[in-house]
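Source file upload.csv; content: CSV, C-alpha atoms.
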chain,number,residue,atom,x,y,z
A,1,MET,CA,61.7,1.0,110.7
A,2,THR,CA,59.1,2.9,112.7
A,3,SER,CA,59.9,5.1,115.7
A,4,PRO,CA,58.6,2.6,118.2
A,5,ALA,CA,60.6,-0.1,116.6
A,6,LEU,CA,63.8,2.0,116.7
A,7,PHE,CA,63.1,2.9,120.3
A,8,LEU,CA,62.6,-0.8,121.2
A,9,THR,CA,65.8,-1.7,119.4
A,10,PHE,CA,67.7,1.0,121.4
A,11,ILE,CA,66.2,0.0,124.7
A,12,SER,CA,66.8,-3.7,124.0
A,13,GLY,CA,70.5,-3.0,123.4
A,14,LEU,CA,70.7,-1.1,126.6
A,15,THR,CA,68.9,-3.8,128.5
A,16,VAL,CA,71.1,-6.6,127.1
A,17,ALA,CA,74.2,-4.6,128.0
A,18,HIS,CA,72.9,-3.9,131.5
A,19,TYR,CA,72.1,-7.6,132.2
A,20,ALA,CA,75.3,-8.8,130.6
A,21,ALA,CA,77.3,-6.5,132.8
A,22,ALA,CA,75.4,-7.7,135.9
A,23,GLY,CA,75.8,-11.4,135.0
A,24,ALA,CA,72.1,-11.9,134.8
A,25,PRO,CA,70.8,-15.0,132.9
A,26,GLU,CA,69.8,-14.6,129.2
A,27,PHE,CA,66.2,-15.7,129.9
A,28,ASP,CA,65.5,-12.6,132.0
A,29,VAL,CA,66.8,-10.3,129.3
A,30,LEU,CA,64.5,-11.9,126.7
A,31,LYS,CA,61.6,-11.7,129.1
A,32,GLU,CA,62.2,-7.9,129.6
A,33,ILE,CA,62.5,-7.3,125.8
A,34,ASN,CA,59.3,-9.2,125.1
A,35,ALA,CA,57.5,-7.2,127.8
A,36,LEU,CA,58.7,-3.9,126.2
A,37,LYS,CA,57.6,-5.1,122.7
A,38,ALA,CA,54.1,-6.0,124.0
A,39,ALA,CA,53.7,-2.6,125.7
A,40,LEU,CA,54.7,-0.8,122.4
A,41,GLU,CA,52.4,-2.9,120.3
A,42,ALA,CA,49.5,-2.1,122.7
A,43,ILE,CA,49.8,1.6,122.1
A,44,ASP,CA,50.4,1.3,118.3
A,45,VAL,CA,47.9,3.4,116.3
A,46,PRO,CA,46.6,1.8,113.2
A,47,LYS,CA,47.0,3.6,109.9
A,48,VAL,CA,43.6,4.8,108.7
A,49,ALA,CA,43.3,7.4,105.9
A,50,PHE,CA,41.3,7.8,102.7
A,51,SER,CA,40.6,10.2,99.9
A,52,ALA,CA,38.0,9.6,97.2
A,53,ARG,CA,36.5,11.6,94.4
A,54,THR,CA,33.3,11.4,92.4
A,55,ASP,CA,33.6,9.8,89.0
A,56,LYS,CA,30.0,10.1,87.6
A,57,GLY,CA,30.5,12.2,84.5
A,58,GLY,CA,29.4,15.8,84.4
A,59,THR,CA,26.6,17.3,86.6
A,60,TYR,CA,25.4,14.8,89.2
A,61,GLY,CA,22.4,15.3,91.3
A,62,ASN,CA,19.1,17.2,91.2
A,63,PHE,CA,17.4,14.1,92.6
A,64,GLN,CA,13.9,14.3,94.2
A,65,GLY,CA,15.2,13.2,97.6
A,66,ASP,CA,18.4,13.2,99.6
A,67,ILE,CA,21.0,10.6,98.8
A,68,THR,CA,24.3,9.4,100.3
A,69,LEU,CA,26.9,10.7,97.9
A,70,THR,CA,29.2,7.9,96.8
A,71,TYR,CA,32.7,9.0,96.1
A,72,ASN,CA,33.4,6.1,93.9
A,73,ALA,CA,36.9,6.7,92.7
A,74,LEU,CA,39.5,5.9,95.4
A,75,ILE,CA,42.6,8.0,95.5
A,76,THR,CA,43.9,6.2,98.7
A,77,ASN,CA,42.2,3.9,101.2
A,78,VAL,CA,44.7,2.9,103.9
A,79,GLY,CA,43.0,0.6,106.3
A,80,ASN,CA,40.0,0.0,104.0
A,81,ALA,CA,37.6,1.9,106.3
A,82,TYR,CA,35.9,3.8,103.4
A,83,ASN,CA,33.5,1.9,101.2
A,84,PRO,CA,33.4,3.5,97.7
A,85,THR,CA,30.2,1.5,96.8
A,86,THR,CA,28.2,2.8,99.7
A,87,GLY,CA,30.0,6.1,100.3
A,88,ILE,CA,30.3,5.3,104.0
A,89,PHE,CA,33.4,5.5,106.3
A,90,THR,CA,33.2,3.1,109.3
A,91,ALA,CA,35.6,3.9,112.2
A,92,PRO,CA,37.8,0.8,112.8
A,93,VAL,CA,38.9,2.1,116.2
A,94,LYS,CA,37.8,4.6,118.8
A,95,GLY,CA,39.7,7.9,118.3
A,96,LEU,CA,40.0,11.4,117.0
A,97,TYR,CA,39.5,11.7,113.2
A,98,TYR,CA,39.7,14.6,110.7
A,99,PHE,CA,37.4,14.8,107.7
A,100,THR,CA,37.2,17.2,104.7
A,101,PHE,CA,34.7,17.4,101.9
A,102,PHE,CA,34.7,19.7,98.9
A,103,ALA,CA,32.4,20.2,95.9
A,104,HIS,CA,32.4,22.0,92.6
A,105,SER,CA,29.3,22.7,90.5
A,106,GLY,CA,28.1,24.9,87.6
A,107,GLY,CA,26.9,28.3,88.6
A,108,LYS,CA,23.3,27.5,87.7
A,109,ASN,CA,23.2,24.5,90.2
A,110,ARG,CA,22.8,24.8,93.9
A,111,ILE,CA,25.3,22.9,96.1
A,112,LYS,CA,24.1,21.6,99.4
A,113,LEU,CA,26.0,18.7,101.1
A,114,ASP,CA,25.8,17.6,104.7
A,115,LEU,CA,28.5,15.6,106.5
A,116,ARG,CA,26.8,13.1,108.9
A,117,LYS,CA,27.9,11.0,111.8
A,118,ASP,CA,25.5,8.1,112.2
A,119,GLY,CA,22.7,10.1,110.6
A,120,THR,CA,23.2,13.4,112.5
A,121,VAL,CA,24.5,16.4,110.6
A,122,VAL,CA,27.8,17.6,111.9
A,123,ALA,CA,29.0,19.9,109.1
A,124,GLY,CA,27.7,21.3,105.8
A,125,ILE,CA,28.5,23.2,102.7
A,126,HIS,CA,26.1,25.3,100.7
A,127,ASP,CA,26.3,27.6,97.6
A,128,HIS,CA,23.3,29.3,96.0
A,129,PRO,CA,22.8,29.2,92.2
A,130,SER,CA,23.9,32.2,90.3
A,131,THR,CA,23.7,33.4,86.7
A,132,SER,CA,26.6,35.8,87.2
A,133,ASP,CA,29.3,33.2,87.5
A,134,SER,CA,30.0,30.0,85.7
A,135,ALA,CA,31.1,27.7,88.5
A,136,ASP,CA,31.0,27.5,92.3
A,137,ASN,CA,33.1,25.7,94.9
A,138,ALA,CA,32.5,24.9,98.5
A,139,GLY,CA,34.2,23.0,101.2
A,140,ASN,CA,34.4,22.3,105.0
A,141,ALA,CA,36.4,20.3,107.5
A,142,ILE,CA,35.8,18.9,111.0
A,143,PHE,CA,37.4,17.0,113.8
A,144,LEU,CA,35.2,14.2,115.2
A,145,GLU,CA,35.7,11.9,118.1
A,146,LEU,CA,34.3,8.5,117.0
A,147,GLU,CA,33.6,5.2,118.6
A,148,GLN,CA,34.5,2.0,116.8
A,149,GLY,CA,31.7,1.3,114.3
A,150,ASN,CA,30.5,5.0,114.0
A,151,GLN,CA,29.7,5.8,110.4
A,152,VAL,CA,30.5,9.1,108.6
A,153,TYR,CA,29.2,10.0,105.1
A,154,VAL,CA,28.2,12.9,102.9
A,155,THR,CA,24.6,13.5,101.9
A,156,LEU,CA,23.7,15.3,98.7
A,157,LEU,CA,20.4,17.1,99.4
A,158,ALA,CA,17.4,17.0,97.2
A,159,LYS,CA,17.4,19.2,94.1
A,160,THR,CA,21.1,20.1,94.4
A,161,ALA,CA,24.0,19.0,92.3
A,162,VAL,CA,27.8,18.6,92.2
A,163,TRP,CA,30.3,18.3,89.4
A,164,GLY,CA,30.8,14.5,89.2
A,165,GLU,CA,34.0,14.1,87.2
A,166,GLY,CA,37.6,15.1,87.6
A,167,PHE,CA,39.2,15.9,91.0
A,168,VAL,CA,37.1,18.7,92.4
A,169,THR,CA,34.4,16.9,94.4
A,170,THR,CA,36.2,15.0,97.1
A,171,PHE,CA,35.8,13.4,100.5
A,172,SER,CA,38.8,12.6,102.8
A,173,GLY,CA,39.4,11.4,106.4
A,174,VAL,CA,42.3,10.3,108.6
A,175,LEU,CA,42.7,8.9,112.1
A,176,LEU,CA,44.8,11.4,114.1
A,177,SER,CA,44.9,9.5,117.4
A,178,LYS,CA,43.5,6.4,119.0
A,179,SER,CA,41.8,6.8,122.3

For the structure just supplied, provide its representation as C-alpha cells.
Amino acid sequence: MTSPALFLTFISGLTVAHYAAAGAPEFDVLKEINALKAALEAIDVPKVAFSARTDKGGTYGNFQGDITLTYNALITNVGNAYNPTTGIFTAPVKGLYYFTFFAHSGGKNRIKLDLRKDGTVVAGIHDHPSTSDSADNAGNAIFLELEQGNQVYVTLLAKTAVWGEGFVTTFSGVLLSKS
C-alpha cells in the first residue's frame, strides 16, 4: 500500500469515528472520504523511469553525420516513455526529470555525445582518442524541467564511436516531481 493510500485509510478511519460519535448520517461520511480520495489522486505522481544500454556488437559509430543513438536494449522502462527503436524519451507529464548518460570506447576512438532536449544541446561528453590507453569512459548527468511532450535523446556526433555491447554505454532518466 502506498503512503497516500495509508494516509487515506488513516484519515478515513478518523473521519468515520468522528461522524459516528456525532451521530451524522453515513452518506456524509462517504462523501467526505470520496473527496479526500479524489484530492490524493489529483496529486499522485506517475512512475516514470528508464534505463537502456546499447546492444550493437563492438565498436559502434564513426558515421559521416550525426545520429540519434538508439539504446536498444531496455533494462527498465516504467511508464514506457522511452522508445528503444528511436532512442527518444518523450515526457509524459510536466515535471522535473533527471537524466544520465555514459559511454565507453576504445582508446583510438573519439567519444562525443550530446544530450538534447527538443534538438537543443543541454549536456555533453567528450573524450579525445589516445594511443597511450586502451579504453576511455565518459559520462554526464543533468536535471531538466520538461513540459509534457518534450523529447530528450542522445546524439552520437559524426566520426565518433562508442562501445556498443555489454553494459557500459547507457542512458537513463527518471521523473523526480510532477509540476

Find the spatial neighbours of Lys159 (chain A), counting all atoms listed in the file, within a cut-off of 12 Å - ignore same-chain residues fewer than 2 positions away - and output them as a PyMOL selection string. chain A and resi 60-67+109-113+128-129+156-157+161-162

When you look at Phe143 (chain A) with a cut-off of 8 Å (counting only C-alpha atoms), what residues show up, excluding the ones that are within fewer than 2 positions of it in the same chain? I need them as number ranges by chain. A: 96-99, 141, 145

Suppose we keep C-alpha atoms; can you now write the selection as a CSV table (one decimal), in the coordinates of the input?
chain,number,residue,atom,x,y,z
A,96,LEU,CA,40.0,11.4,117.0
A,97,TYR,CA,39.5,11.7,113.2
A,98,TYR,CA,39.7,14.6,110.7
A,99,PHE,CA,37.4,14.8,107.7
A,141,ALA,CA,36.4,20.3,107.5
A,145,GLU,CA,35.7,11.9,118.1

Surrounding residues of Phe102 (chain A) excluding itself and chain neighbours under 6 positions, 10 Å, only C-alpha atoms, as a list of chain:residue names: A:Arg53, A:Leu113, A:Gly124, A:Ile125, A:Asn137, A:Ala138, A:Gly139, A:Asn140, A:Ala141, A:Val162, A:Phe167, A:Val168, A:Thr169, A:Thr170, A:Phe171, A:Ser172

Compile the contact shell of region 88-91 of chain A as number ranges by chain: residues with an atom at most 8 Å away, counting all atoms listed in the file, same-chain residues fewer than 4 positions apart removed. A: 70, 81-84, 146-154

Mind giving me the straight-line distance from CA of Ala49 (chain A) to CA of Gly173 (chain A) in Å, one decimal? 5.6 Å

Measure the distance from CA of Val78 (chain A) to CA of Ala52 (chain A) in Å and round it to one decimal.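 Taking CA of Val78 (chain A) as the start and CA of Ala52 (chain A) as the end point, the length is 11.6 Å.
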
Hey, can you check how far CA of Val93 (chain A) sits from CA of Pro46 (chain A)?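 CA of Val93 (chain A) sits 8.3 Å away from CA of Pro46 (chain A).
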
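Considering all atoms listed in the file, the residue among A:Leu144, A:Ala158, A:Ala73, A:Ala135 positioned nearest to Leu175 (chain A) is A:Leu144.
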
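Of the residues under consideration (A:Leu74, A:Leu176, A:Ala103, A:Ile142), A:Leu176 shows the shortest atom-to-atom contact distance to Lys47 (chain A) when counting only C-alpha atoms.
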
Quick one: axis-aligned box around all listed atoms of region 85-104 of chain A, 5 Å on every side, centre and edge lengths in Å to one decimal, written as JSON.
{"center_x": 34.1, "center_y": 11.4, "center_z": 105.7, "size_x": 21.8, "size_y": 31.2, "size_z": 36.2}
